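Engineer: This is the structure, below, for whatever I ask next.
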Protein chains: 2
Amino acid sequence: MTDRSRPTLATVAARAEVASSTASLVFSGSARVAPSTRERVLAAAAELGYAGPDPVARSLRSRRSGVVGAVIGERLAYAFSDPVSVQLLDGVTEVLSPLGVGLLLLPGDADRHGPTLAQLAHVPLDAVVYATCGLEDDPALEHLQRRGVPIVAVDGPRLDDLVFVGIQDRRGTVELTRHLTDLGHRRVAVVALPLRLDGTRGPVTPERRARVHFLDVRERALGVEEVLGPVPLWETAANAVEEGERAGRALLDVPADERPTAVVAQSDILAAGVLRAAEALGLRVPEDVSVAGFDGAELPWLPPVRLTTVVQPTTEKGRVVGRAVTDLVAGRRPDDVVLDVHLSVGTTTGPAPRS
Amino acid sequence: MTDRSRPTLATVAARAEVASSTASLVFSGSARVAPSTRERVLAAAAELGYAGPDPVARSLRSRRSGVVGAVIGERLAYAFSDPVSVQLLDGVTEVLSPLGVGLLLLPGDADRHGPTLAQLAHVPLDAVVYATCGLEDDPALEHLQRRGVPIVAVDGPRLDDLVFVGIQDRRGTVELTRHLTDLGHRRVAVVALPLRLDGTRGPVTPERRARVHFLDVRERALGVEEVLGPVPLWETAANAVEEGERAGRALLDVPADERPTAVVAQSDILAAGVLRAAEALGLRVPEDVSVAGFDGAELPWLPPVRLTTVVQPTTEKGRVVGRAVTDLVAGRRPDDVVLDVHLSVGTTTGPAPRS
DNA sequence: TTGAAAGCGTTACCAG
DNA sequence: CTGGTAACGCTTTCAA
C-alpha cells in the first residue's frame, strides 16, 4: 500500500484544477497568482505529499544545476589533512550555500591526480573550482571547456579562459626572508612542497626545478632567492608533518658549520615537521636554528611555540572564489584576484647563532 | 566569432546523417551499432566539439543524477578539523567515485546544524549520507523522504526507513574501561562529546543527559558506566583540542584526593586536549593520571606519546556507507551494519596511583 | 490572472 | 542494425 509513484507538478495541478503552468508559477514563488489559486495548489501539494519541483527537470530548462565541482588533486584524506584546503572550501561554501548551490567533491585517488573523465562526464556542473592541483595538461580541462563549464583556478595556473584567485606568494616570502637576513641569517634552506605530484623527495636538481608544476611553489622559492640568491631546496613528497620531519632531519643532521641557521618551510604543516626534527636532534629553536612556515594555519596542537609564518587570508580566499563562481554562473566574467599576505613573527625565529 | 551555441546530440546526429536515437546508442557505448556508423557519429562529434550527452538531460530520463549528498552538521572548517570525518568521507568517495558518482557537500553554518531546505530543494540527489549530525527532528528529513531520496545515517539515529552504519560504541568503551579497572582505577571521569549542538559545556546534569541527541555519545557513556556505575560526565561544546583541554583543566585542577585517576575522553581529539591540560598542570601521564581516547585517529602531531584508545575502522566505515549508497541507488535495501572496534593500549594509561 | 503549447536534450520502445 | 516517436518534469512564451 505504498505510494504508486511520486506526484509531479502535473498531478498537483490536476488535483487543484489548474493548469500545470499555473502551478509552476506558485512554486517559483514570486509570481502574480491569485491568493485563492495559490492556496488551492499548495493544499493539493500538501495532500499529495509533493516535495516541490524536481531539481533535475528544473535544471534542464534553466540550464543551471546548483552544483559546482571542487576538483581535488589527491584523495580526500590527504587533501583535507591540510587545514588550509579545508578553510578554503569552508569559505567557498559559506558564499555558495545560501544561494542554494552545493560543492561536489571530485577527488583523485592514489594514482590519478584528479577525477577521471568518466567521473566528470556524468555529473551536472555549473562551474568548477580547481582547488589542489596543477591541471595544465589535464584531459579533464578540455572536457570541461567543451562543455562550457567555467573554471576558477586557485593558486594557479594562470591561463586565459580561467579565472585566477591567488595570493602574493612572492612578496610574502620576500618579506619573511628579509626578516631572517635582518636577524643575521645567511645560510638558509627551503623545505619545499611537492613540485609535482609524483612522490619525489629530496634535494631539488636544476632539471627538476625546471619542471615545477605548481605556481605557488615556484613563487615561494623565488621569493627566498630574490633576497638571498640561490639556496638549497629540499622537496617533500606531500604536505604532511612526517614529510617535514624527514626533510628537517636531512637538512639539520649535519655538522654545525654546514647546517643552515634557518629553515624556511613552504607550509606550516611542513614547518611543524621541521620543528619535530629539530627537537629530535636536540637542537633548540630558535637558538640553534630558526624555523618559519607559510599559511598562518590554525594548528591547535602546535603550542607552546608560535610559528613565524606568512599569513594568507585562507577563508577569505575561499569567499572570493565563491563570489567568482557566482559571477561566472550569472554570465559575468570576474577579474583575477591576488590577495594580500602578511608576516607574522612568532617564537621560532631569532638571531642567527654566531659560528 | 565564438561558437553559436553548444552542439547537442541532435546536431551531431544530423551532421552524421543518422537518427538521434542511433547517436545516443553510440555514446551509451555498449550497444549494437555498425562500426562504420559509430565512426561517422564520433567523427561528427569531434568536428563539432561535442562533449558528450548532457548529464542533466540524461538524468531526467534515467532518474539518476550521479550526485549523493553529504549532510554535515556544522560548518566545514569544524567538521573537517576532525580526521575521523575526513576519513569517513574518504572511504565513501573511494567507493563512489569509480562509479561516476560525486559527493555533494551540504554543510550547516554557524547557526544551523545542517543545510537549509532551500539548499536541499534545488539540488539533484540520488541519496544522502547523514554524516555528522543527529537529524531526528530535522525538517530536511521530511523533505528528503517526500522526494524519495534514500538516506544512510552514520552513527545514528536508528530509524525505520534509514540505513544505519555504525560501530560497537558500547562494547569498545566497556573493553577500555575494563582495561582501566584492571589497572586499579576506580575514580574515572568522562570527557564527553557534545550531547547536542547548542554550545553547552560543563558537568552533565541528569536532565541534560536525558536529552542527549547523539546515539554514539550516549553509548560511549553507558559503556563506562556498565563497568563502573555512574561516573561524572563533563560535556564539551565541540570536538576540538581546546575543548578537551578546557575540560581537562576543570577535571584535573582539584586536590589530589578528589582528582580522577583516569580520564576517558570520547574522542582522540578531546584526549589530546586532556593531555595538554595534564601537562600544563604538571601532572605526569600515566603516573599521576591515565588518559584514554576513542577513534584511533591519525594524529601525526601527537607523539611522543601513544594514546590508549578504542580503534574504529573509519575508512572502512566510509566504504561500507559507499556500498550502502550504491545498493540504495540500485533499488536494493541494504542491511544495517555495525562494525567491530578494538582496544589499542598505548603509553597514556598505567596503574592507578596509590592514594 | 490563467491556460495551451512548445520546447530543454536525452533515452527507450517499437517498428522496419 | 537503424529510424521514428513518445516520454522524462518542468518553465516559459503567447493568447485569452
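For the C-alpha cells, the naming scheme is as follows: chains receive sequential letters (A, B, ...) according to their order of presentation, residues are indexed from 1 within each chain, and ligands are indexed from 1 in presentation order.
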I need the chain D residues near chain A as a list in words; criterion: at most 7 Å, counting only C-alpha atoms (C1' of nucleotides).
Structural biologist: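 Selected residues: DG9, DC10 and DT11 of chain D.
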Engineer: Generate the output file for the selected residues, N, CA and C atoms (P, O5', C5', C4', C3', O3' and C1' of nucleotides), as a PDB file, in the first residue's frame.
Structural biologist:
ATOM      1  P    DG D   9       8.454  12.005 -14.403  1.00  0.00           P
ATOM      2  O5'  DG D   9       8.521  13.565 -14.124  1.00  0.00           O
ATOM      3  C5'  DG D   9       9.651  14.110 -13.455  1.00  0.00           C
ATOM      4  C4'  DG D   9       9.641  15.606 -13.626  1.00  0.00           C
ATOM      5  C3'  DG D   9       8.337  16.290 -13.198  1.00  0.00           C
ATOM      6  O3'  DG D   9       8.659  17.252 -12.220  1.00  0.00           O
ATOM      7  C1'  DG D   9       9.021  17.029 -15.334  1.00  0.00           C
ATOM      8  P    DC D  10       7.654  18.332 -11.731  1.00  0.00           P
ATOM      9  O5'  DC D  10       8.102  19.584 -12.601  1.00  0.00           O
ATOM     10  C5'  DC D  10       9.391  20.128 -12.339  1.00  0.00           C
ATOM     11  C4'  DC D  10       9.847  21.010 -13.474  1.00  0.00           C
ATOM     12  C3'  DC D  10       9.175  22.371 -13.513  1.00  0.00           C
ATOM     13  O3'  DC D  10      10.067  23.318 -12.942  1.00  0.00           O
ATOM     14  C1'  DC D  10       9.407  21.390 -15.694  1.00  0.00           C
ATOM     15  P    DT D  11       9.539  24.765 -12.621  1.00  0.00           P
ATOM     16  O5'  DT D  11       9.790  25.521 -14.006  1.00  0.00           O
ATOM     17  C5'  DT D  11      11.133  25.675 -14.444  1.00  0.00           C
ATOM     18  C4'  DT D  11      11.135  26.395 -15.774  1.00  0.00           C
ATOM     19  C3'  DT D  11      10.578  27.817 -15.742  1.00  0.00           C
ATOM     20  O3'  DT D  11      11.432  28.568 -16.592  1.00  0.00           O
ATOM     21  C1'  DT D  11       9.432  26.562 -17.360  1.00  0.00           C
TER      22       DT D  11
END
Engineer: Cα-based RMSD, chain B fitted onto chain A, all atoms paired in sequence order: value?
Structural biologist: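 Result of the CA superposition: 0.1 Å.
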Engineer: Provide the CA of Gly229 (chain A) to CA of Val217 (chain A) distance in Å, to one decimal place.
Structural biologist: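 These atoms are spaced 16.7 Å apart.
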Engineer: Please return, as a list in words, all residues of region 81-209 of chain B that DSSP assigns to strand (DSSP E or B) on the basis of the backbone.
Structural biologist: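 Reading the DSSP output for region 81-209 of chain B, strand (DSSP E or B) covers Gly102, Leu103, Leu104, Leu105, Leu106, Pro107, Ala127, Val128, Val129, Tyr130, Ile151, Val152, Ala153, Val154, Leu162, Val163, Phe164, Val165, Gly166, Ile167, Val188, Ala189, Val190, Val191, Ala192, Gly202 and Pro203 of chain B.
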Engineer: Which residues come within 10 Å of DA4 (chain C), counting only C-alpha atoms (C1' of nucleotides), excluding same-chain residues fewer than 2 positions away, as JSON, numbers by chain?
Structural biologist: {"A": [19, 21], "C": [6], "D": [14, 15, 16]}
Engineer: When you look at region 72-81 of chain A with a cut-off of 7 Å (counting only C-alpha atoms (C1' of nucleotides)), what residues show up, excluding the ones that are within fewer than 6 positions of it in the same chain? I need them as a PDB file with C-alpha atoms, in the first residue's frame.
Structural biologist:
ATOM      1  CA  LEU A 106      35.737  15.427  -7.298  1.00  0.00           C
ATOM      2  CA  PRO A 107      38.810  13.890  -5.727  1.00  0.00           C
ATOM      3  CA  GLY A 108      41.583  11.940  -7.366  1.00  0.00           C
ATOM      4  CA  ASP A 109      42.795   8.694  -5.947  1.00  0.00           C
ATOM      5  CA  ALA A 110      46.127   7.158  -5.072  1.00  0.00           C
ATOM      6  CA  HIS A 113      45.788  13.436  -9.538  1.00  0.00           C
ATOM      7  CA  GLY A 114      42.237  14.420 -10.164  1.00  0.00           C
ATOM      8  CA  TYR A 130      40.375  23.699  -9.237  1.00  0.00           C
ATOM      9  CA  ALA A 131      41.469  23.596  -5.645  1.00  0.00           C
ATOM     10  CA  THR A 132      44.528  21.464  -5.083  1.00  0.00           C
ATOM     11  CA  CYS A 133      46.116  20.665  -8.343  1.00  0.00           C
TER      12      CYS A 133
ATOM     13  CA  VAL B  86      37.568  13.230   6.731  1.00  0.00           C
ATOM     14  CA  GLN B  87      38.493   9.569   6.660  1.00  0.00           C
ATOM     15  CA  ASP B  90      37.418   9.466   2.023  1.00  0.00           C
TER      16      ASP B  90
END
Engineer: Which residues come within 12 Å of Ile269 (chain B), counting only C-alpha atoms (C1' of nucleotides), excluding same-chain residues fewer than 6 positions away, as a ChimeraX atom specification?
Structural biologist: /A:300-301 /B:81-85,191-193,236,238-245,275-276,291-302,307,309
Engineer: At a cut-off of 12 Å, using only C-alpha atoms (C1' of nucleotides), what residues contact Val310 (chain B)? Leave out same-chain residues fewer than 4 positions from it and give the result as a PDB file with N, CA and C atoms, in the first residue's frame.
Structural biologist:
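After the write, around-v4.pdb holds the following:
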ATOM      1  N   ILE B 167      29.242   1.664  14.669  1.00  0.00           N
ATOM      2  CA  ILE B 167      30.278   0.815  15.260  1.00  0.00           C
ATOM      3  C   ILE B 167      29.830   0.376  16.644  1.00  0.00           C
ATOM      4  N   GLN B 168      30.613  -0.519  17.231  1.00  0.00           N
ATOM      5  CA  GLN B 168      30.284  -1.010  18.573  1.00  0.00           C
ATOM      6  C   GLN B 168      30.751  -0.019  19.624  1.00  0.00           C
ATOM      7  N   ASP B 169      30.054   1.085  19.717  1.00  0.00           N
ATOM      8  CA  ASP B 169      30.478   2.109  20.682  1.00  0.00           C
ATOM      9  C   ASP B 169      30.479   1.561  22.103  1.00  0.00           C
ATOM     10  N   ARG B 170      29.422   0.866  22.430  1.00  0.00           N
ATOM     11  CA  ARG B 170      29.257   0.358  23.787  1.00  0.00           C
ATOM     12  C   ARG B 170      30.343  -0.651  24.124  1.00  0.00           C
ATOM     13  N   ARG B 171      30.471  -1.654  23.281  1.00  0.00           N
ATOM     14  CA  ARG B 171      31.422  -2.725  23.561  1.00  0.00           C
ATOM     15  C   ARG B 171      32.842  -2.178  23.664  1.00  0.00           C
ATOM     16  N   GLY B 172      33.196  -1.248  22.791  1.00  0.00           N
ATOM     17  CA  GLY B 172      34.537  -0.683  22.814  1.00  0.00           C
ATOM     18  C   GLY B 172      34.832   0.021  24.121  1.00  0.00           C
ATOM     19  N   THR B 173      33.870   0.796  24.573  1.00  0.00           N
ATOM     20  CA  THR B 173      34.107   1.536  25.811  1.00  0.00           C
ATOM     21  C   THR B 173      34.146   0.602  27.009  1.00  0.00           C
ATOM     22  N   VAL B 174      33.344  -0.448  26.952  1.00  0.00           N
ATOM     23  CA  VAL B 174      33.391  -1.429  28.040  1.00  0.00           C
ATOM     24  C   VAL B 174      34.792  -2.032  28.125  1.00  0.00           C
ATOM     25  N   GLU B 175      35.308  -2.410  26.978  1.00  0.00           N
ATOM     26  CA  GLU B 175      36.632  -3.028  26.960  1.00  0.00           C
ATOM     27  C   GLU B 175      37.689  -2.066  27.501  1.00  0.00           C
ATOM     28  N   LEU B 176      37.586  -0.822  27.076  1.00  0.00           N
ATOM     29  CA  LEU B 176      38.526   0.190  27.547  1.00  0.00           C
ATOM     30  C   LEU B 176      38.423   0.359  29.062  1.00  0.00           C
ATOM     31  N   THR B 177      37.204   0.418  29.543  1.00  0.00           N
ATOM     32  CA  THR B 177      37.004   0.648  30.966  1.00  0.00           C
ATOM     33  C   THR B 177      37.513  -0.540  31.786  1.00  0.00           C
ATOM     34  N   HIS B 179      39.964  -2.376  30.971  1.00  0.00           N
ATOM     35  CA  HIS B 179      41.419  -2.175  30.982  1.00  0.00           C
ATOM     36  C   HIS B 179      41.808  -1.250  32.128  1.00  0.00           C
ATOM     37  N   ARG B 220      28.718   5.515  24.318  1.00  0.00           N
ATOM     38  CA  ARG B 220      30.074   5.548  24.871  1.00  0.00           C
ATOM     39  C   ARG B 220      30.043   5.890  26.362  1.00  0.00           C
ATOM     40  N   GLY B 223      28.847   2.699  28.167  1.00  0.00           N
ATOM     41  CA  GLY B 223      29.880   1.670  28.218  1.00  0.00           C
ATOM     42  C   GLY B 223      30.739   1.798  29.465  1.00  0.00           C
ATOM     43  N   VAL B 264      38.523   9.335  30.667  1.00  0.00           N
ATOM     44  CA  VAL B 264      38.153   8.726  29.389  1.00  0.00           C
ATOM     45  C   VAL B 264      37.531   9.810  28.513  1.00  0.00           C
ATOM     46  N   ALA B 265      38.209  10.147  27.452  1.00  0.00           N
ATOM     47  CA  ALA B 265      37.660  11.129  26.522  1.00  0.00           C
ATOM     48  C   ALA B 265      36.931  10.380  25.412  1.00  0.00           C
ATOM     49  N   GLN B 266      35.864  10.984  24.912  1.00  0.00           N
ATOM     50  CA  GLN B 266      35.062  10.284  23.905  1.00  0.00           C
ATOM     51  C   GLN B 266      35.614  10.431  22.487  1.00  0.00           C
ATOM     52  N   SER B 267      36.729  11.121  22.333  1.00  0.00           N
ATOM     53  CA  SER B 267      37.405  11.155  21.036  1.00  0.00           C
ATOM     54  C   SER B 267      38.880  11.387  21.280  1.00  0.00           C
ATOM     55  N   ASP B 268      39.685  11.041  20.296  1.00  0.00           N
ATOM     56  CA  ASP B 268      41.125  11.243  20.443  1.00  0.00           C
ATOM     57  C   ASP B 268      41.485  12.715  20.469  1.00  0.00           C
ATOM     58  N   ALA B 271      40.946  13.811  23.854  1.00  0.00           N
ATOM     59  CA  ALA B 271      42.002  13.228  24.690  1.00  0.00           C
ATOM     60  C   ALA B 271      43.296  14.025  24.552  1.00  0.00           C
ATOM     61  N   ALA B 292      42.616   8.250  28.181  1.00  0.00           N
ATOM     62  CA  ALA B 292      42.282   7.403  27.038  1.00  0.00           C
ATOM     63  C   ALA B 292      41.361   8.149  26.091  1.00  0.00           C
ATOM     64  N   GLY B 293      41.354   7.718  24.864  1.00  0.00           N
ATOM     65  CA  GLY B 293      40.527   8.373  23.854  1.00  0.00           C
ATOM     66  C   GLY B 293      39.609   7.390  23.154  1.00  0.00           C
ATOM     67  N   PHE B 294      39.139   7.803  21.985  1.00  0.00           N
ATOM     68  CA  PHE B 294      38.277   6.948  21.177  1.00  0.00           C
ATOM     69  C   PHE B 294      38.443   7.363  19.726  1.00  0.00           C
ATOM     70  N   ASP B 295      38.552   6.388  18.859  1.00  0.00           N
ATOM     71  CA  ASP B 295      38.594   6.587  17.401  1.00  0.00           C
ATOM     72  C   ASP B 295      39.799   5.925  16.744  1.00  0.00           C
ATOM     73  N   GLY B 296      40.956   6.030  17.410  1.00  0.00           N
ATOM     74  CA  GLY B 296      42.150   5.570  16.714  1.00  0.00           C
ATOM     75  C   GLY B 296      42.496   6.472  15.550  1.00  0.00           C
ATOM     76  N   ALA B 297      42.328   7.766  15.778  1.00  0.00           N
ATOM     77  CA  ALA B 297      42.602   8.730  14.702  1.00  0.00           C
ATOM     78  C   ALA B 297      44.094   8.867  14.475  1.00  0.00           C
ATOM     79  N   THR B 314      37.631   3.567  10.532  1.00  0.00           N
ATOM     80  CA  THR B 314      36.918   4.726   9.993  1.00  0.00           C
ATOM     81  C   THR B 314      36.783   4.709   8.475  1.00  0.00           C
ATOM     82  N   ASP B 340      33.093  -3.699  13.915  1.00  0.00           N
ATOM     83  CA  ASP B 340      33.901  -4.019  15.084  1.00  0.00           C
ATOM     84  C   ASP B 340      34.856  -2.896  15.464  1.00  0.00           C
ATOM     85  N   VAL B 341      35.155  -2.829  16.745  1.00  0.00           N
ATOM     86  CA  VAL B 341      36.212  -1.926  17.208  1.00  0.00           C
ATOM     87  C   VAL B 341      37.175  -2.753  18.058  1.00  0.00           C
ATOM     88  N   HIS B 342      38.340  -2.192  18.334  1.00  0.00           N
ATOM     89  CA  HIS B 342      39.228  -2.907  19.259  1.00  0.00           C
ATOM     90  C   HIS B 342      40.063  -1.932  20.074  1.00  0.00           C
ATOM     91  N   LEU B 343      40.457  -2.422  21.240  1.00  0.00           N
ATOM     92  CA  LEU B 343      41.237  -1.589  22.151  1.00  0.00           C
ATOM     93  C   LEU B 343      42.693  -1.555  21.718  1.00  0.00           C
ATOM     94  N   SER B 344      43.263  -0.373  21.704  1.00  0.00           N
ATOM     95  CA  SER B 344      44.693  -0.245  21.446  1.00  0.00           C
ATOM     96  C   SER B 344      45.335   0.420  22.663  1.00  0.00           C
ATOM     97  N   VAL B 345      46.150  -0.358  23.383  1.00  0.00           N
ATOM     98  CA  VAL B 345      46.755   0.165  24.606  1.00  0.00           C
ATOM     99  C   VAL B 345      48.046   0.884  24.250  1.00  0.00           C
ATOM    100  N   GLY B 346      48.115   2.153  24.606  1.00  0.00           N
ATOM    101  CA  GLY B 346      49.306   2.938  24.317  1.00  0.00           C
ATOM    102  C   GLY B 346      50.077   3.241  25.579  1.00  0.00           C
TER     103      GLY B 346
END
Engineer: Please identify all residues of chain C having at least one atom at most 12 Å from any atom of chain A, considering only C-alpha atoms (C1' of nucleotides), and return them as a CSV table (one decimal) with N, CA and C atoms (P, O5', C5', C4', C3', O3' and C1' of nucleotides), in the first residue's frame.
Structural biologist:
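Heads up, here's the output in iface-v6.csv:
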chain,number,residue,atom,x,y,z
C,1,DT,P,-3.2,39.7,-10.7
C,1,DT,O5',-3.8,38.3,-11.1
C,1,DT,C5',-4.9,37.7,-10.5
C,1,DT,C4',-5.4,36.7,-11.5
C,1,DT,C3',-4.7,35.4,-11.4
C,1,DT,O3',-5.7,34.4,-11.1
C,1,DT,C1',-4.9,36.1,-13.6
C,2,DT,P,-5.4,32.9,-10.9
C,2,DT,O5',-5.4,32.3,-12.3
C,2,DT,C5',-6.6,31.9,-12.9
C,2,DT,C4',-6.4,31.5,-14.3
C,2,DT,C3',-5.7,30.1,-14.5
C,2,DT,O3',-6.7,29.2,-14.9
C,2,DT,C1',-4.9,31.7,-16.1
C,3,DG,P,-6.2,27.7,-15.1
C,3,DG,O5',-6.0,27.7,-16.7
C,3,DG,C5',-7.0,28.1,-17.6
C,3,DG,C4',-6.6,27.8,-19.0
C,3,DG,C3',-6.0,26.5,-19.3
C,3,DG,O3',-6.5,26.0,-20.5
C,3,DG,C1',-4.4,28.2,-19.9
C,4,DA,P,-6.3,24.5,-21.0
C,4,DA,O5',-5.6,24.7,-22.4
C,4,DA,C5',-5.6,25.9,-23.1
C,4,DA,C4',-4.7,25.9,-24.3
C,4,DA,C3',-4.2,24.5,-24.7
C,4,DA,O3',-4.0,24.5,-26.1
C,4,DA,C1',-2.4,25.9,-24.0
C,5,DA,P,-3.4,23.2,-26.9
C,5,DA,O5',-1.9,23.7,-27.1
C,5,DA,C5',-1.6,25.0,-27.5
C,5,DA,C4',-0.2,25.2,-27.8
C,5,DA,C3',0.5,23.9,-28.3
C,5,DA,O3',1.6,24.3,-29.1
C,5,DA,C1',1.5,24.5,-26.3
C,7,DG,P,8.9,24.4,-30.6
C,7,DG,O5',8.9,23.0,-29.8
C,7,DG,C5',10.2,22.5,-29.4
C,7,DG,C4',10.8,23.4,-28.3
C,7,DG,C3',12.1,22.8,-27.7
C,7,DG,O3',13.0,23.9,-27.6
C,7,DG,C1',10.4,23.0,-26.0
C,8,DC,P,14.5,23.6,-27.8
C,8,DC,O5',15.1,23.2,-26.4
C,8,DC,C5',15.5,24.2,-25.4
C,8,DC,C4',15.9,23.4,-24.2
C,8,DC,C3',16.7,22.2,-24.5
C,8,DC,O3',18.1,22.5,-24.3
C,8,DC,C1',15.0,21.8,-22.8
C,9,DG,P,19.1,22.2,-25.6
C,9,DG,O5',19.4,20.6,-25.3
C,9,DG,C5',20.2,20.3,-24.2
C,9,DG,C4',20.1,18.8,-24.0
C,9,DG,C3',20.6,18.0,-25.2
C,9,DG,O3',21.6,17.1,-24.8
C,9,DG,C1',18.5,17.2,-24.5
C,10,DT,P,22.3,16.0,-25.6
C,10,DT,O5',21.9,14.7,-25.0
C,10,DT,C5',20.7,14.3,-24.9
C,10,DT,C4',20.4,13.4,-23.8
C,10,DT,C3',20.4,11.9,-24.2
C,10,DT,O3',21.2,11.2,-23.2
C,10,DT,C1',18.2,12.6,-23.7
Engineer: I'd like the contact shell of region 326-335 of chain B - 7 Å cut-off, only C-alpha atoms (C1' of nucleotides), skipping same-chain residues fewer than 2 positions apart - returned as a ChimeraX atom specification.
Structural biologist: /B:126-127,150,163,322-324,337
Engineer: To one decimal place, how far is CA of Val188 (chain B) from CA of Pro232 (chain B) in Å?
Structural biologist: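 Those two atoms sit 7.7 Å apart.
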